[in-house]
Amino acid sequence: MSSIDWQRLMQMAKQAYENAYAPYSNFKVGAAAIDDEDNRFCGCNVENASYGLTVCAERNCFAQLIVNGATTAKALVVYTEQEKLTPPCGACRQVIVEFMAPDAQVKAMNHLAQEKTWSVKELLPDAFTPKDLT
Ligand SMILES: [Zn+2]
């Protein structure tokens, strides 16, 4: 596995963060992922007046990955400008499991240069996966 330019990935997540649509929570999030061919994808959270329709940055990022013909990300950054780092929510953890290997890394990063790293299997141990459908 080639090394991952986390700073570049964070910059892309930050750009997505700037475009987040979060007028209700004011909790903006950006995400960026990279695949094995070093293609990068991003997403931001998109809220809705019907709150339940809100989609997180991570899931929008994976939607972009799929739209562009990729199937797997080797790394993901979740970027916020919160003093407390923002981990992926439960729903996003399930989507991360769908498109990332168990040992792939996910980083929460913020504007204060803080970061925390998890493996996918740390985020969602004993995950329900496509293998459970057979
Ligand atoms: Zn989420």
# chains A, B, ... in the order shown; residues from 1 in each chain; ligands from 1
>>> residues_near_ligand(ligand="ligand 1", cutoff="8 Å", atoms="only C-alpha atoms and all ligand atoms", output="VMD selection string")
chain A and resid 55 to 59 88 to 93
>>> residues_around(residues="Lys74 in chain A", least_positions_apart="4", cutoff="6 Å", atoms="only C-alpha atoms", output="number ranges by chain")
A: 34-35, 104
>>> select_by_dssp(residues="range 11-87 of chain A", states="strand (DSSP E or B)", output="number ranges by chain")
A: 21, 30-35, 40-44, 46, 55, 73-80
>>> residues_around(residues="range 108-116 of chain A", least_positions_apart="4", cutoff="9 Å", atoms="only C-alpha atoms", output="number ranges by chain")
A: 10, 14, 76-88
>>> write_last_selection(atoms="all heavy atoms", output="compact mmCIF listing (two decimals), in the first residue's frame")
# COMPACT_ATOMS: atom_id res chain seq x y z
N MET A 10 -6.65 16.05 3.91
CA MET A 10 -7.31 16.97 4.83
C MET A 10 -7.68 18.28 4.13
O MET A 10 -8.75 18.83 4.37
CB MET A 10 -6.42 17.27 6.04
CG MET A 10 -7.16 18.10 7.09
SD MET A 10 -6.08 18.83 8.32
CE MET A 10 -5.44 20.23 7.41
N LYS A 14 -11.26 19.83 3.94
CA LYS A 14 -11.53 21.20 4.40
C LYS A 14 -12.29 22.00 3.34
O LYS A 14 -13.19 22.77 3.67
CB LYS A 14 -10.22 21.89 4.77
CG LYS A 14 -10.42 23.29 5.29
CD LYS A 14 -9.14 23.92 5.78
CE LYS A 14 -9.47 25.35 6.23
NZ LYS A 14 -8.41 25.99 6.92
N LEU A 76 -9.66 7.65 4.74
CA LEU A 76 -10.75 8.63 4.83
C LEU A 76 -10.40 9.65 5.90
O LEU A 76 -9.93 9.28 6.98
CB LEU A 76 -12.06 7.91 5.21
CG LEU A 76 -13.27 8.80 5.51
CD1 LEU A 76 -13.81 9.43 4.22
CD2 LEU A 76 -14.37 7.99 6.18
N VAL A 77 -10.65 10.92 5.60
CA VAL A 77 -10.50 11.99 6.59
C VAL A 77 -11.87 12.60 6.86
O VAL A 77 -12.63 12.86 5.93
CB VAL A 77 -9.54 13.10 6.07
CG1 VAL A 77 -9.64 14.35 6.94
CG2 VAL A 77 -8.11 12.59 6.03
N VAL A 78 -12.15 12.82 8.14
CA VAL A 78 -13.35 13.54 8.55
C VAL A 78 -12.87 14.84 9.18
O VAL A 78 -12.18 14.82 10.21
CB VAL A 78 -14.18 12.72 9.57
CG1 VAL A 78 -15.43 13.50 9.98
CG2 VAL A 78 -14.54 11.37 8.99
N TYR A 79 -13.19 15.96 8.55
CA TYR A 79 -12.67 17.26 8.98
C TYR A 79 -13.78 18.13 9.55
O TYR A 79 -14.85 18.27 8.94
CB TYR A 79 -12.05 17.98 7.78
CG TYR A 79 -11.52 19.35 8.12
CD1 TYR A 79 -10.24 19.51 8.64
CD2 TYR A 79 -12.30 20.48 7.96
CE1 TYR A 79 -9.76 20.76 8.99
CE2 TYR A 79 -11.83 21.74 8.29
CZ TYR A 79 -10.56 21.87 8.81
OH TYR A 79 -10.08 23.11 9.15
N THR A 80 -13.52 18.70 10.72
CA THR A 80 -14.42 19.69 11.30
C THR A 80 -13.58 20.83 11.89
O THR A 80 -12.36 20.72 11.99
CB THR A 80 -15.27 19.10 12.46
OG1 THR A 80 -14.39 18.59 13.46
CG2 THR A 80 -16.21 18.01 11.97
N GLU A 81 -14.25 21.89 12.26
CA GLU A 81 -13.56 22.96 12.99
C GLU A 81 -14.15 23.02 14.40
O GLU A 81 -14.52 24.08 14.89
CB GLU A 81 -13.62 24.27 12.20
CG GLU A 81 -12.84 24.10 10.89
CD GLU A 81 -12.50 25.36 10.15
OE1 GLU A 81 -12.98 26.45 10.53
OE2 GLU A 81 -11.73 25.25 9.16
N GLN A 82 -14.21 21.86 15.01
CA GLN A 82 -14.62 21.70 16.40
C GLN A 82 -13.37 21.49 17.25
O GLN A 82 -12.41 20.87 16.79
CB GLN A 82 -15.53 20.46 16.55
CG GLN A 82 -16.77 20.48 15.69
CD GLN A 82 -17.76 21.53 16.12
OE1 GLN A 82 -17.97 21.75 17.32
NE2 GLN A 82 -18.39 22.20 15.16
N GLU A 83 -13.40 21.96 18.48
CA GLU A 83 -12.26 21.72 19.36
C GLU A 83 -12.15 20.26 19.74
O GLU A 83 -11.07 19.77 20.04
CB GLU A 83 -12.35 22.60 20.60
CG GLU A 83 -12.12 24.07 20.26
CD GLU A 83 -11.98 24.95 21.48
OE1 GLU A 83 -11.75 24.42 22.58
OE2 GLU A 83 -12.10 26.17 21.30
N LYS A 84 -13.28 19.58 19.74
CA LYS A 84 -13.29 18.13 20.00
C LYS A 84 -13.39 17.44 18.65
O LYS A 84 -14.29 17.75 17.85
CB LYS A 84 -14.49 17.78 20.88
CG LYS A 84 -14.58 16.32 21.26
CD LYS A 84 -15.75 16.12 22.24
CE LYS A 84 -15.92 14.66 22.61
NZ LYS A 84 -16.28 13.81 21.47
N LEU A 85 -12.48 16.54 18.37
CA LEU A 85 -12.49 15.84 17.08
C LEU A 85 -13.81 15.10 16.88
O LEU A 85 -14.43 14.63 17.83
CB LEU A 85 -11.32 14.85 17.03
CG LEU A 85 -9.94 15.52 16.95
CD1 LEU A 85 -8.85 14.51 17.29
CD2 LEU A 85 -9.71 16.11 15.56
N THR A 86 -14.22 15.01 15.63
CA THR A 86 -15.52 14.43 15.29
C THR A 86 -15.35 13.05 14.68
O THR A 86 -14.87 12.91 13.55
CB THR A 86 -16.25 15.35 14.29
OG1 THR A 86 -16.36 16.65 14.86
CG2 THR A 86 -17.63 14.80 13.95
N PRO A 87 -15.76 12.02 15.38
CA PRO A 87 -15.72 10.67 14.79
C PRO A 87 -16.92 10.45 13.89
O PRO A 87 -17.92 11.15 14.00
CB PRO A 87 -15.79 9.76 16.02
CG PRO A 87 -16.58 10.56 17.01
CD PRO A 87 -16.26 12.01 16.75
N PRO A 88 -16.83 9.48 12.98
CA PRO A 88 -18.00 9.16 12.15
C PRO A 88 -19.16 8.67 13.02
O PRO A 88 -18.94 7.97 14.02
CB PRO A 88 -17.51 8.02 11.25
CG PRO A 88 -16.02 8.08 11.31
CD PRO A 88 -15.67 8.64 12.66
>>> closest_residue(among="A:Ala32, A:Ala20, A:Leu133, A:Val95", to="Val120 in chain A", atoms="only C-alpha atoms")
A:Val95
>>> select_by_dssp(residues="range 28-71 of chain A", states="alpha helix (DSSP H)", output="NGL selection string")
:A and (57-67)
>>> residues_around(residues="Lys121 in chain A", least_positions_apart="3", cutoff="9 Å", atoms="only C-alpha atoms", output="VMD selection string")
chain A and resid 97 101 to 104 118 124 to 127
>>> write_last_selection(atoms="N, CA, C and O atoms", output="CSV table (one decimal), in the first residue's frame")
chain,number,residue,atom,x,y,z
A,97,VAL,N,-17.6,0.6,6.4
A,97,VAL,CA,-17.4,-0.9,6.4
A,97,VAL,C,-17.6,-1.4,5.0
A,97,VAL,O,-16.9,-2.3,4.5
A,101,ALA,N,-11.4,-1.5,3.6
A,101,ALA,CA,-10.9,-2.8,4.2
A,101,ALA,C,-10.9,-2.6,5.7
A,101,ALA,O,-10.7,-1.5,6.3
A,102,PRO,N,-10.9,-3.7,6.5
A,102,PRO,CA,-10.9,-3.7,7.9
A,102,PRO,C,-9.7,-2.9,8.5
A,102,PRO,O,-9.8,-2.3,9.6
A,103,ASP,N,-8.6,-3.1,7.9
A,103,ASP,CA,-7.4,-2.4,8.4
A,103,ASP,C,-7.1,-1.0,7.8
A,103,ASP,O,-6.1,-0.4,8.2
A,104,ALA,N,-8.0,-0.6,6.9
A,104,ALA,CA,-7.8,0.8,6.3
A,104,ALA,C,-8.0,1.8,7.5
A,104,ALA,O,-8.7,1.6,8.5
A,118,TRP,N,-8.3,5.8,13.5
A,118,TRP,CA,-8.9,4.5,13.8
A,118,TRP,C,-8.7,3.6,12.6
A,118,TRP,O,-8.7,4.1,11.5
A,124,LEU,N,-16.0,-0.1,13.9
A,124,LEU,CA,-17.2,-1.0,13.9
A,124,LEU,C,-16.8,-2.5,14.0
A,124,LEU,O,-16.8,-3.2,13.0
A,125,PRO,N,-16.5,-2.9,15.2
A,125,PRO,CA,-16.1,-4.3,15.4
A,125,PRO,C,-17.3,-5.2,15.1
A,125,PRO,O,-18.4,-4.8,15.3
A,126,ASP,N,-17.0,-6.4,14.6
A,126,ASP,CA,-18.0,-7.4,14.3
A,126,ASP,C,-19.1,-6.8,13.4
A,126,ASP,O,-20.3,-7.0,13.7
A,127,ALA,N,-18.7,-6.1,12.4
A,127,ALA,CA,-19.6,-5.4,11.5
A,127,ALA,C,-20.5,-6.4,10.7
A,127,ALA,O,-20.0,-7.5,10.4
>>> atom_distance(atom1="CA of Gln7 in chain A", atom2="CA of Ile66 in chain A")
23.1 Å
>>> residues_around(residues="Val46 in chain A", least_positions_apart="5", cutoff="12 Å", atoms="only C-alpha atoms", output="VMD selection string")
chain A and resid 16 to 30 51 to 61
>>> write_last_selection(atoms="N, CA, C and O atoms", output="mmCIF file, in the first residue's frame")
data_model
loop_
_atom_site.group_PDB
_atom_site.id
_atom_site.type_symbol
_atom_site.label_atom_id
_atom_site.label_comp_id
_atom_site.auth_asym_id
_atom_site.auth_seq_id
_atom_site.Cartn_x
_atom_site.Cartn_y
_atom_site.Cartn_z
ATOM 1 N N ALA A 16 -14.323 20.766 1.162
ATOM 2 C CA ALA A 16 -15.703 20.261 1.211
ATOM 3 C C ALA A 16 -16.426 20.849 2.417
ATOM 4 O O ALA A 16 -17.595 21.246 2.324
ATOM 5 N N TYR A 17 -15.723 20.911 3.538
ATOM 6 C CA TYR A 17 -16.274 21.501 4.768
ATOM 7 C C TYR A 17 -16.802 22.911 4.494
ATOM 8 O O TYR A 17 -17.884 23.286 4.949
ATOM 9 N N GLU A 18 -16.032 23.682 3.741
ATOM 10 C CA GLU A 18 -16.432 25.073 3.458
ATOM 11 C C GLU A 18 -17.782 25.125 2.749
ATOM 12 O O GLU A 18 -18.524 26.094 2.887
ATOM 13 N N ASN A 19 -18.101 24.095 1.985
ATOM 14 C CA ASN A 19 -19.353 24.069 1.228
ATOM 15 C C ASN A 19 -20.487 23.336 1.942
ATOM 16 O O ASN A 19 -21.568 23.189 1.385
ATOM 17 N N ALA A 20 -20.226 22.865 3.153
ATOM 18 C CA ALA A 20 -21.264 22.114 3.871
ATOM 19 C C ALA A 20 -22.536 22.955 3.993
ATOM 20 O O ALA A 20 -22.486 24.173 4.168
ATOM 21 N N TYR A 21 -23.679 22.267 3.885
ATOM 22 C CA TYR A 21 -24.973 22.932 4.032
ATOM 23 C C TYR A 21 -25.534 22.512 5.388
ATOM 24 O O TYR A 21 -26.110 21.428 5.515
ATOM 25 N N ALA A 22 -25.291 23.347 6.385
ATOM 26 C CA ALA A 22 -25.678 22.997 7.752
ATOM 27 C C ALA A 22 -26.334 24.181 8.454
ATOM 28 O O ALA A 22 -25.893 24.619 9.522
ATOM 29 N N PRO A 23 -27.421 24.734 7.851
ATOM 30 C CA PRO A 23 -28.034 25.933 8.439
ATOM 31 C C PRO A 23 -28.774 25.650 9.741
ATOM 32 O O PRO A 23 -29.050 26.589 10.494
ATOM 33 N N TYR A 24 -29.100 24.401 10.024
ATOM 34 C CA TYR A 24 -29.890 24.086 11.224
ATOM 35 C C TYR A 24 -29.004 23.768 12.413
ATOM 36 O O TYR A 24 -29.230 24.217 13.513
ATOM 37 N N SER A 25 -27.980 22.965 12.190
ATOM 38 C CA SER A 25 -27.089 22.588 13.299
ATOM 39 C C SER A 25 -25.867 23.498 13.392
ATOM 40 O O SER A 25 -25.221 23.561 14.438
ATOM 41 N N ASN A 26 -25.514 24.156 12.300
ATOM 42 C CA ASN A 26 -24.242 24.888 12.204
ATOM 43 C C ASN A 26 -23.054 23.979 12.497
ATOM 44 O O ASN A 26 -21.993 24.456 12.913
ATOM 45 N N PHE A 27 -23.221 22.690 12.310
ATOM 46 C CA PHE A 27 -22.157 21.708 12.551
ATOM 47 C C PHE A 27 -21.684 21.231 11.186
ATOM 48 O O PHE A 27 -22.224 20.271 10.621
ATOM 49 N N LYS A 28 -20.720 21.953 10.635
ATOM 50 C CA LYS A 28 -20.240 21.632 9.293
ATOM 51 C C LYS A 28 -19.192 20.525 9.359
ATOM 52 O O LYS A 28 -18.364 20.499 10.265
ATOM 53 N N VAL A 29 -19.261 19.643 8.377
ATOM 54 C CA VAL A 29 -18.315 18.533 8.292
ATOM 55 C C VAL A 29 -17.898 18.369 6.832
ATOM 56 O O VAL A 29 -18.716 18.479 5.920
ATOM 57 N N GLY A 30 -16.620 18.099 6.635
ATOM 58 C CA GLY A 30 -16.116 17.736 5.311
ATOM 59 C C GLY A 30 -15.428 16.385 5.405
ATOM 60 O O GLY A 30 -14.870 16.034 6.450
ATOM 61 N N TYR A 51 -35.459 17.274 8.999
ATOM 62 C CA TYR A 51 -34.159 16.919 9.569
ATOM 63 C C TYR A 51 -33.688 15.506 9.254
ATOM 64 O O TYR A 51 -32.511 15.263 9.047
ATOM 65 N N GLY A 52 -34.638 14.570 9.212
ATOM 66 C CA GLY A 52 -34.270 13.178 9.003
ATOM 67 C C GLY A 52 -33.652 12.912 7.646
ATOM 68 O O GLY A 52 -33.076 11.844 7.424
ATOM 69 N N LEU A 53 -33.772 13.844 6.740
ATOM 70 C CA LEU A 53 -33.209 13.663 5.391
ATOM 71 C C LEU A 53 -31.753 14.110 5.310
ATOM 72 O O LEU A 53 -31.122 13.980 4.265
ATOM 73 N N THR A 54 -31.225 14.616 6.393
ATOM 74 C CA THR A 54 -29.825 15.053 6.417
ATOM 75 C C THR A 54 -28.894 13.897 6.079
ATOM 76 O O THR A 54 -29.088 12.772 6.530
ATOM 77 N N VAL A 55 -27.878 14.190 5.277
ATOM 78 C CA VAL A 55 -26.877 13.181 4.922
ATOM 79 C C VAL A 55 -25.511 13.692 5.371
ATOM 80 O O VAL A 55 -25.137 14.839 5.126
ATOM 81 N N CYS A 56 -24.764 12.795 5.995
ATOM 82 C CA CYS A 56 -23.449 13.147 6.529
ATOM 83 C C CYS A 56 -22.402 13.303 5.416
ATOM 84 O O CYS A 56 -22.544 12.761 4.326
ATOM 85 N N ALA A 57 -21.334 13.992 5.744
ATOM 86 C CA ALA A 57 -20.221 14.205 4.814
ATOM 87 C C ALA A 57 -19.619 12.879 4.335
ATOM 88 O O ALA A 57 -19.309 12.716 3.149
ATOM 89 N N GLU A 58 -19.457 11.948 5.258
ATOM 90 C CA GLU A 58 -18.816 10.681 4.902
ATOM 91 C C GLU A 58 -19.640 9.934 3.859
ATOM 92 O O GLU A 58 -19.107 9.403 2.887
ATOM 93 N N ARG A 59 -20.955 9.871 4.081
ATOM 94 C CA ARG A 59 -21.796 9.136 3.132
ATOM 95 C C ARG A 59 -21.856 9.850 1.785
ATOM 96 O O ARG A 59 -21.865 9.206 0.737
ATOM 97 N N ASN A 60 -21.861 11.176 1.792
ATOM 98 C CA ASN A 60 -21.816 11.888 0.512
ATOM 99 C C ASN A 60 -20.476 11.675 -0.182
ATOM 100 O O ASN A 60 -20.418 11.612 -1.414
ATOM 101 N N CYS A 61 -19.420 11.547 0.581
ATOM 102 C CA CYS A 61 -18.098 11.270 0.016
ATOM 103 C C CYS A 61 -18.094 9.900 -0.673
ATOM 104 O O CYS A 61 -17.599 9.764 -1.802
#
